[in-house]
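A.B. asks: So that you have it, the file is my_file.cif, and it contains mmCIF, C-alpha atoms:
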data_upload
#
loop_
_atom_site.label_atom_id
_atom_site.label_comp_id
_atom_site.auth_asym_id
_atom_site.auth_seq_id
_atom_site.Cartn_x
_atom_site.Cartn_y
_atom_site.Cartn_z
CA MET A 84 101.78 -9.26 40.17
CA SER A 85 102.67 -7.97 43.58
CA ILE A 86 101.65 -10.16 46.51
CA THR A 87 100.79 -8.22 49.68
CA LEU A 88 101.11 -10.27 52.84
CA ASN A 89 99.81 -9.43 56.30
CA ARG A 90 102.04 -9.89 59.33
CA THR A 91 100.13 -12.87 60.74
CA PHE A 92 100.49 -14.84 57.51
CA VAL A 93 104.19 -13.92 57.27
CA ARG A 94 104.74 -15.40 60.75
CA LEU A 95 102.79 -18.55 59.88
CA MET A 96 104.38 -19.07 56.45
CA PRO A 97 107.40 -21.12 57.63
CA TRP A 98 105.22 -23.55 59.63
CA ILE A 99 102.63 -23.90 56.85
CA PHE A 100 105.46 -24.57 54.42
CA VAL A 101 107.07 -27.24 56.65
CA TRP A 102 103.78 -29.12 57.06
CA VAL A 103 102.79 -29.00 53.38
CA TRP A 104 106.29 -29.94 52.20
CA SER A 105 106.40 -32.87 54.63
CA THR A 106 103.22 -34.35 53.17
CA GLY A 107 105.04 -34.78 49.88
CA PHE A 108 106.80 -37.88 51.19
CA LEU A 109 103.45 -39.51 52.00
CA ALA A 110 101.86 -38.49 48.71
CA ALA A 111 104.87 -39.67 46.70
CA LYS A 112 104.88 -43.01 48.49
CA LEU A 113 101.25 -43.54 47.55
CA GLY A 114 101.55 -42.26 44.00
CA LYS A 115 104.65 -44.24 43.01
CA SER A 116 102.72 -47.51 43.26
CA TYR A 117 100.60 -46.51 40.27
CA ALA A 118 103.07 -44.91 37.84
CA GLU A 119 106.78 -44.80 37.06
CA PRO A 120 108.59 -41.81 38.60
CA PHE A 121 109.09 -39.55 35.59
CA THR A 122 105.69 -40.46 34.18
CA LEU A 123 104.13 -39.38 37.47
CA LEU A 124 106.16 -36.18 37.49
CA SER A 125 105.19 -35.41 33.89
CA TYR A 126 101.49 -35.52 34.80
CA ARG A 127 102.19 -33.47 37.93
CA PHE A 128 104.06 -30.74 36.05
CA ALA A 129 101.58 -30.63 33.15
CA LEU A 130 98.59 -30.22 35.47
CA ALA A 131 100.43 -27.61 37.55
CA LEU A 132 101.14 -25.65 34.36
CA ALA A 133 97.46 -25.71 33.42
CA VAL A 134 96.31 -24.52 36.85
CA LEU A 135 99.00 -21.84 37.06
CA TRP A 136 98.14 -20.56 33.56
CA VAL A 137 94.59 -19.83 34.72
CA ILE A 138 95.87 -18.15 37.88
CA THR A 139 98.33 -15.95 35.95
CA LYS A 140 95.46 -14.78 33.72
CA LEU A 141 93.23 -14.01 36.70
CA PHE A 142 95.92 -11.90 38.37
CA ASN A 143 97.30 -10.31 35.19
CA SER A 144 100.74 -11.59 36.10
CA ARG A 145 103.74 -10.01 34.42
CA TRP A 146 106.01 -12.18 32.31
CA PRO A 147 109.78 -11.68 32.55
CA SER A 148 110.90 -8.48 30.84
CA THR A 149 113.88 -10.16 29.15
CA TRP A 150 114.69 -13.54 27.65
CA ARG A 151 117.67 -13.74 30.00
CA LEU A 152 115.41 -13.51 33.08
CA ALA A 153 113.07 -16.13 31.61
CA ALA A 154 116.02 -18.45 30.97
CA HIS A 155 117.20 -18.02 34.57
CA CYS A 156 113.74 -19.03 35.81
CA MET A 157 113.84 -22.15 33.62
CA VAL A 158 117.28 -23.13 34.95
CA VAL A 159 115.80 -22.95 38.45
CA GLY A 160 112.94 -25.21 37.35
CA LEU A 161 115.30 -27.75 35.83
CA LEU A 162 117.25 -27.94 39.11
CA LEU A 163 114.58 -27.40 41.74
CA HIS A 164 111.91 -29.63 40.20
CA GLY A 165 113.37 -31.73 37.40
CA VAL A 166 116.63 -32.97 38.95
CA TYR A 167 115.62 -32.77 42.63
CA LEU A 168 112.21 -34.46 42.42
CA GLY A 169 113.32 -36.76 39.65
CA GLY A 170 116.32 -37.93 41.65
CA ILE A 171 114.27 -38.60 44.78
CA PHE A 172 111.40 -40.34 42.99
CA LYS A 173 113.73 -42.50 40.91
CA ALA A 174 115.90 -43.48 43.90
CA ILE A 175 112.82 -44.57 45.88
CA SER A 176 111.51 -46.49 42.86
CA LEU A 177 114.85 -48.38 42.78
CA GLY A 178 114.27 -49.51 46.36
CA MET A 179 116.01 -46.87 48.45
CA PRO A 180 114.11 -46.34 51.74
CA ALA A 181 112.29 -43.03 51.93
CA GLY A 182 113.77 -42.41 55.38
CA LEU A 183 117.31 -42.88 54.13
CA SER A 184 116.60 -40.49 51.25
CA ALA A 185 115.27 -37.91 53.71
CA MET A 186 118.41 -38.33 55.82
CA VAL A 187 120.59 -37.34 52.87
CA ILE A 188 118.35 -34.43 51.88
CA GLY A 189 118.52 -33.34 55.51
CA LEU A 190 122.02 -32.06 54.72
CA GLN A 191 120.46 -29.29 52.62
CA PRO A 192 120.72 -26.49 55.22
CA LEU A 193 124.45 -27.11 55.48
CA THR A 194 124.99 -27.19 51.73
CA MET A 195 122.85 -24.04 51.34
CA ALA A 196 124.89 -22.28 54.01
CA LEU A 197 128.11 -23.16 52.16
CA PHE A 198 126.74 -22.14 48.75
CA ALA A 199 125.18 -18.93 50.14
CA GLY A 200 128.57 -17.57 51.12
CA VAL A 201 129.95 -18.13 47.62
CA MET A 202 126.91 -17.23 45.50
CA LEU A 203 125.13 -14.55 47.54
CA GLY A 204 127.85 -13.18 49.79
CA GLU A 205 125.77 -14.01 52.86
CA ARG A 206 127.81 -14.27 56.04
CA VAL A 207 126.78 -17.17 58.27
CA SER A 208 127.20 -16.28 61.94
CA LYS A 209 128.63 -18.64 64.54
CA ARG A 210 125.17 -18.83 66.10
CA GLN A 211 123.69 -19.94 62.77
CA TRP A 212 126.43 -22.54 62.20
CA LEU A 213 125.75 -23.93 65.68
CA GLY A 214 122.02 -24.10 64.90
CA LEU A 215 122.66 -25.85 61.59
CA PHE A 216 124.81 -28.55 63.18
CA MET A 217 122.34 -28.97 66.06
CA GLY A 218 119.59 -29.51 63.52
CA LEU A 219 121.65 -32.08 61.64
CA ALA A 220 122.36 -33.99 64.86
CA GLY A 221 118.68 -33.95 65.79
CA LEU A 222 117.72 -35.12 62.31
CA TYR A 223 119.92 -38.19 62.62
CA LEU A 224 118.51 -38.99 66.06
CA VAL A 225 114.95 -38.97 64.70
CA LEU A 226 115.68 -40.92 61.54
CA GLY A 227 118.09 -43.24 63.30
CA GLU A 228 115.22 -44.41 65.49
CA GLN A 229 112.53 -44.48 62.82
CA PHE A 230 114.65 -46.05 60.07
CA SER A 231 117.31 -48.13 61.74
CA VAL A 232 119.76 -49.37 59.10
CA ASP A 233 122.76 -51.58 59.73
CA ALA A 234 125.87 -49.87 58.33
CA SER A 235 127.13 -53.17 56.90
CA THR A 236 123.98 -53.59 54.78
CA ILE A 237 123.16 -49.97 54.00
CA PHE A 238 123.73 -50.32 50.25
CA TYR A 239 122.11 -53.74 49.88
CA GLY A 240 118.53 -54.17 48.74
CA PHE A 241 118.52 -51.24 46.32
CA SER A 242 120.38 -50.10 43.25
CA GLY A 243 123.84 -48.63 43.68
CA TRP A 244 122.65 -45.69 41.58
CA SER A 245 120.23 -44.62 44.33
CA PRO A 246 122.81 -42.79 46.51
CA VAL A 247 124.09 -41.01 43.40
CA LEU A 248 120.58 -39.90 42.48
CA VAL A 249 119.81 -38.64 45.99
CA GLY A 250 123.15 -36.84 46.14
CA ALA A 251 122.36 -35.14 42.83
CA ALA A 252 118.94 -34.18 44.21
CA LEU A 253 120.55 -32.63 47.30
CA LEU A 254 122.92 -30.50 45.22
CA ALA A 255 120.14 -29.54 42.81
CA ILE A 256 117.69 -28.24 45.42
CA SER A 257 120.43 -26.40 47.34
CA PHE A 258 122.01 -24.77 44.29
CA GLY A 259 118.67 -24.17 42.56
CA THR A 260 117.15 -22.36 45.53
CA LEU A 261 120.13 -20.01 45.79
CA TYR A 262 120.28 -19.55 42.00
CA GLN A 263 116.67 -18.37 42.13
CA LYS A 264 117.46 -15.83 44.83
CA LYS A 265 120.46 -14.45 42.95
CA TYR A 266 119.26 -14.38 39.35
CA CYS A 267 115.45 -14.32 39.41
CA HIS A 268 114.91 -11.33 41.68
CA GLY A 269 112.25 -9.06 40.19
CA ALA A 270 110.43 -11.82 38.33
CA ASP A 271 106.73 -12.25 39.09
CA HIS A 272 106.13 -15.14 41.52
CA LEU A 273 103.51 -16.92 39.43
CA THR A 274 105.02 -16.57 35.96
CA SER A 275 108.43 -17.50 37.36
CA ILE A 276 107.03 -20.77 38.74
CA TRP A 277 105.17 -21.42 35.45
CA LEU A 278 108.45 -21.18 33.54
CA GLN A 279 110.11 -23.44 36.10
CA TYR A 280 107.52 -26.15 35.57
CA ALA A 281 107.72 -25.78 31.80
CA ALA A 282 111.45 -26.60 31.97
CA ALA A 283 110.87 -29.43 34.44
CA LEU A 284 108.12 -30.90 32.24
CA GLY A 285 110.41 -30.95 29.22
CA PHE A 286 113.09 -32.72 31.27
CA SER A 287 110.71 -35.33 32.74
CA LEU A 288 109.07 -36.05 29.36
CA ILE A 289 112.45 -36.75 27.76
CA ILE A 290 113.30 -39.23 30.54
CA ALA A 291 109.82 -40.80 30.53
CA PHE A 292 109.72 -41.34 26.74
CA THR A 293 113.29 -42.62 26.68
CA PHE A 294 113.34 -45.02 29.65
CA GLU A 295 109.77 -45.67 30.90
CA THR A 296 106.63 -47.43 29.66
CA ARG A 297 104.40 -44.43 30.66
CA VAL A 298 101.65 -46.78 31.88
CA VAL A 299 99.43 -45.36 34.67
CA ASP A 300 97.01 -47.28 36.88
CA TRP A 301 94.24 -44.68 37.32
CA GLN A 302 92.97 -45.74 40.74
CA TRP A 303 91.32 -43.19 43.04
CA GLN A 304 94.34 -43.31 45.36
CA PHE A 305 96.57 -42.18 42.51
CA ILE A 306 94.17 -39.39 41.56
CA VAL A 307 94.03 -38.10 45.16
CA SER A 308 97.81 -38.26 45.49
CA LEU A 309 98.35 -36.51 42.16
CA SER A 310 95.82 -33.78 43.01
CA TRP A 311 97.52 -33.05 46.32
CA GLN A 312 100.95 -32.99 44.68
CA VAL A 313 99.75 -30.50 42.08
CA LEU A 314 97.71 -28.11 44.21
CA ALA A 315 99.40 -28.23 47.61
CA LEU A 316 103.00 -29.08 46.73
CA SER A 317 103.73 -27.92 43.19
CA ILE A 318 101.81 -24.67 43.58
CA GLY A 319 101.25 -23.90 47.28
CA ALA A 320 104.52 -25.03 48.87
CA VAL A 321 106.77 -23.86 46.04
CA LEU A 322 105.13 -20.42 45.99
CA LEU A 323 105.69 -20.14 49.75
CA LEU A 324 109.34 -21.14 49.31
CA MET A 325 109.89 -18.49 46.62
CA ILE A 326 108.29 -15.78 48.77
CA MET A 327 110.32 -16.73 51.85
CA MET A 328 113.57 -16.79 49.87
CA ARG A 329 112.91 -13.22 48.69
CA GLN A 330 112.09 -12.01 52.20
CA GLY A 331 114.82 -13.66 54.27
CA ALA A 332 118.39 -14.88 54.21
CA ALA A 333 118.94 -18.19 52.43
CA THR A 334 120.56 -19.81 55.48
CA LYS A 335 117.56 -19.02 57.69
CA VAL A 336 115.08 -20.38 55.14
CA GLY A 337 117.24 -23.45 54.53
CA SER A 338 117.22 -24.31 58.23
CA LEU A 339 113.46 -24.92 58.02
CA PHE A 340 114.13 -28.09 56.04
CA TYR A 341 115.44 -29.68 59.24
CA LEU A 342 111.85 -29.68 60.49
CA VAL A 343 110.50 -31.70 57.55
CA PRO A 344 111.72 -35.22 58.56
CA PRO A 345 110.41 -34.86 62.15
CA ALA A 346 107.11 -33.60 60.73
CA VAL A 347 106.93 -36.73 58.57
CA ALA A 348 107.72 -38.94 61.59
CA ILE A 349 105.02 -37.27 63.71
CA GLN A 350 102.39 -37.66 60.98
CA ALA A 351 103.35 -41.30 60.45
CA TRP A 352 102.95 -41.89 64.20
CA PHE A 353 99.56 -40.16 64.24
CA LEU A 354 98.19 -41.69 61.01
CA PHE A 355 99.80 -45.13 60.98
CA GLY A 356 100.71 -45.77 64.63
CA GLU A 357 104.46 -45.88 64.03
CA ALA A 358 106.18 -45.79 67.42
CA MET A 359 108.29 -42.83 68.49
CA GLY A 360 110.58 -43.33 71.46
CA LEU A 361 112.72 -41.12 73.63
CA GLN A 362 115.48 -40.88 71.02
CA GLY A 363 113.04 -39.51 68.45
CA LEU A 364 111.55 -37.01 70.89
CA ALA A 365 115.04 -35.87 71.90
CA GLY A 366 115.92 -35.43 68.23
CA ILE A 367 112.83 -33.31 67.58
CA ALA A 368 113.68 -31.09 70.56
CA LEU A 369 117.26 -30.70 69.32
CA ILE A 370 116.05 -29.80 65.83
CA ALA A 371 113.64 -27.19 67.21
CA ALA A 372 116.47 -25.65 69.25
CA GLY A 373 118.79 -25.70 66.23
CA VAL A 374 116.25 -24.00 64.00
CA ALA A 375 115.67 -21.34 66.66
CA GLN A 376 119.44 -20.71 66.72
CA ALA A 377 119.76 -20.53 62.94
CA MET A 378 116.72 -18.26 62.58
CA TRP A 379 117.97 -15.83 65.25
CA PRO A 380 118.79 -12.39 63.82
CA SER A 381 122.48 -12.15 63.03
CA ARG A 382 124.55 -9.43 64.67
CA ASN A 383 127.17 -9.58 61.91
#
Any chance you could put this one into structure tokens?

C.D. replies:
Amino acid sequence: MSITLNRTFVRLMPWIFVWVWSTGFLAAKLGKSYAEPFTLLSYRFALALAVLWVITKLFNSRWPSTWRLAAHCMVVGLLLHGVYLGGIFKAISLGMPAGLSAMVIGLQPLTMALFAGVMLGERVSKRQWLGLFMGLAGLYLVLGEQFSVDASTIFYGFSGWSPVLVGAALLAISFGTLYQKKYCHGADHLTSIWLQYAAALGFSLIIAFTFETRVVDWQWQFIVSLSWQVLALSIGAVLLLMIMMRQGAATKVGSLFYLVPPAVAIQAWFLFGEAMGLQGLAGIALIAAGVAQAMWPSRN
């Protein structure tokens, strides 16, 4: 399947992606109250596989031409969905604040920039490095105001495994995104994502059947949250990410993740009345400036 995109949609893709991806924190927060993390993810991946199977049939999508290409797609799924989402969901279930988790994941553009040089041979310009560090500084201003945590008590109140899990999630999404760009080029978008979720489902089922009770409280809130996670996040946002990675440099795409925590903060202010002061507004402005720097065409 070849996806033809008009110029207007190409320009809007990064901003659509940021908004949809940011809603995942809200949906996960709601959904985790009704099911254990890997049980929830197992349902999410299974339903996404079913929906994607129908879509691949409708579009006559091509399956990978070799077993090696299929295996590469499944490695991406294990990293990008199994380890990343599993690490975040499990850390939050152990009591780690969602804001603190987002702060750690906010390092992704920097880790992607470092990995991109080694894996893809991409040269990161001084302008892009400046933008990346500006974005990181802005991220900490926003989250520092919204989720103030005393350094002396930062690891109290949740399991000591939580930082390890979030750190593993950070490495998994950074490495997995670049692995996809390097080894899965030429694979059909839809069948590639289907194989990714198949690998992630196998991983989450093993964890769920080994360590969890697999009990689900089927309230309407859980159903709404699960539906949004499947349709908007597991299919819509991930497909956008794959397309953007194939069209642009990894460092530029990675810098968009700086916009996710501010987007979450703005939505929380609008929906739940959470206050946002001058520090948060300054952080958002700094992030926007940093992203503009990192996205600027390189002269190198």

A.B. asks: Compute the distance from (104.2, -19.4, 46.0) to each atom, counting all atoms listed in the file, keep the residues with any atom at most 12 Å away, and return them as an mmCIF file with C-alpha atoms, keeping the file's coordinate frame; use the coordinates of the file.

C.D. replies:
data_model
loop_
_atom_site.group_PDB
_atom_site.id
_atom_site.type_symbol
_atom_site.label_atom_id
_atom_site.label_comp_id
_atom_site.auth_asym_id
_atom_site.auth_seq_id
_atom_site.Cartn_x
_atom_site.Cartn_y
_atom_site.Cartn_z
ATOM 1 C CA MET A 84 101.780 -9.260 40.170
ATOM 2 C CA SER A 85 102.670 -7.970 43.580
ATOM 3 C CA ILE A 86 101.650 -10.160 46.510
ATOM 4 C CA LEU A 88 101.110 -10.270 52.840
ATOM 5 C CA MET A 96 104.380 -19.070 56.450
ATOM 6 C CA ILE A 99 102.630 -23.900 56.850
ATOM 7 C CA PHE A 100 105.460 -24.570 54.420
ATOM 8 C CA LEU A 135 99.000 -21.840 37.060
ATOM 9 C CA ILE A 138 95.870 -18.150 37.880
ATOM 10 C CA ASP A 271 106.730 -12.250 39.090
ATOM 11 C CA HIS A 272 106.130 -15.140 41.520
ATOM 12 C CA LEU A 273 103.510 -16.920 39.430
ATOM 13 C CA THR A 274 105.020 -16.570 35.960
ATOM 14 C CA SER A 275 108.430 -17.500 37.360
ATOM 15 C CA ILE A 276 107.030 -20.770 38.740
ATOM 16 C CA TRP A 277 105.170 -21.420 35.450
ATOM 17 C CA LEU A 314 97.710 -28.110 44.210
ATOM 18 C CA ALA A 315 99.400 -28.230 47.610
ATOM 19 C CA LEU A 316 103.000 -29.080 46.730
ATOM 20 C CA SER A 317 103.730 -27.920 43.190
ATOM 21 C CA ILE A 318 101.810 -24.670 43.580
ATOM 22 C CA GLY A 319 101.250 -23.900 47.280
ATOM 23 C CA ALA A 320 104.520 -25.030 48.870
ATOM 24 C CA VAL A 321 106.770 -23.860 46.040
ATOM 25 C CA LEU A 322 105.130 -20.420 45.990
ATOM 26 C CA LEU A 323 105.690 -20.140 49.750
ATOM 27 C CA LEU A 324 109.340 -21.140 49.310
ATOM 28 C CA MET A 325 109.890 -18.490 46.620
ATOM 29 C CA ILE A 326 108.290 -15.780 48.770
ATOM 30 C CA MET A 327 110.320 -16.730 51.850
ATOM 31 C CA MET A 328 113.570 -16.790 49.870
ATOM 32 C CA ARG A 329 112.910 -13.220 48.690
#

A.B. asks: For Ile188 of chain A, list every protein, DNA or RNA residue within 10 Å, evaluated using all atoms listed in the file, and leave out those in the same chain fewer than 2 positions away; present the list as a PyMOL selection string.

C.D. replies: chain A and resi 167+171+182-186+190-192+194+249-254+256-257+340-341+344

A.B. asks: Ranking A:Val187, A:Ala283, A:Ala154, A:Cys267 by minimum distance to Leu248 of chain A and counting all atoms listed in the file, which one comes first?

C.D. replies: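 Using all atoms listed in the file, Leu248 of chain A sits closest to A:Val187.
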
A.B. asks: Go through A:Trp146, A:Trp311, A:Trp136, A:Phe258 and flag the residue nearest Phe108 of chain A, using all atoms listed in the file for the distances.

C.D. replies: A:Trp311

A.B. asks: Of the candidates A:Phe286, A:Trp102, A:Trp244, A:Gln304, which shows the shortest atom-to-atom distance to Met179 of chain A, using only C-alpha atoms?

C.D. replies: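 Counting only C-alpha atoms, the residue closest to Met179 of chain A is A:Trp244.
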
A.B. asks: For the PyMOL selection byres ((chain A and resi 119-125) around 7), applied here, can you spell out every residue it catches as a count of residues only?

C.D. replies: 17

A.B. asks: Could you please determine the separation between atom CA of Val247 of chain A and atom CA of Phe294 of chain A in Å, to one decimal place?

C.D. replies: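 Pair atom CA of Val247 of chain A / atom CA of Phe294 of chain A returns 17.9 Å.
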
A.B. asks: Running the PyMOL selection byres ((chain A and resi 347) around 9) on this model by hand, what would come out? Give it as a list in words.

C.D. replies: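 Evaluating the PyMOL selection byres ((chain A and resi 347) around 9) on this file yields Trp102, Ser105, Thr106, Phe108, Leu109, Leu342, Val343, Pro344, Pro345, Ala346, Ala348, Ile349, Gln350, Ala351 and Trp352 of chain A.
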
A.B. asks: Enumerate, as a list of chain:residue names, the residues matched when the PyMOL selection byres ((chain A and resi 370) around 10) is run on the file above.

C.D. replies: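 Against this file, the PyMOL selection byres ((chain A and resi 370) around 10) returns the residues A:Gly214, A:Leu215, A:Phe216, A:Met217, A:Gly218, A:Leu219, A:Ala220, A:Gly221, A:Leu222, A:Tyr223, A:Leu224, A:Val225, A:Ser338, A:Leu339, A:Tyr341, A:Leu342, A:Pro345, A:Leu364, A:Ala365, A:Gly366, A:Ile367, A:Ala368, A:Leu369, A:Ala371, A:Ala372, A:Gly373, A:Val374, A:Ala375, A:Gln376.
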
A.B. asks: Calculated over all atoms listed in the file, which of the candidates A:Leu177, A:Ala270, A:Ile306, A:Leu163 has the smallest distance to Thr149 of chain A?

C.D. replies: A:Ala270

A.B. asks: My list of candidates is A:Ile175, A:Val93, A:Leu361, A:Ala196. Which is closest to Leu113 of chain A when distances are computed with only C-alpha atoms?

C.D. replies: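 Nearest candidate to Leu113 of chain A out of A:Ile175, A:Val93, A:Leu361, A:Ala196: A:Ile175.
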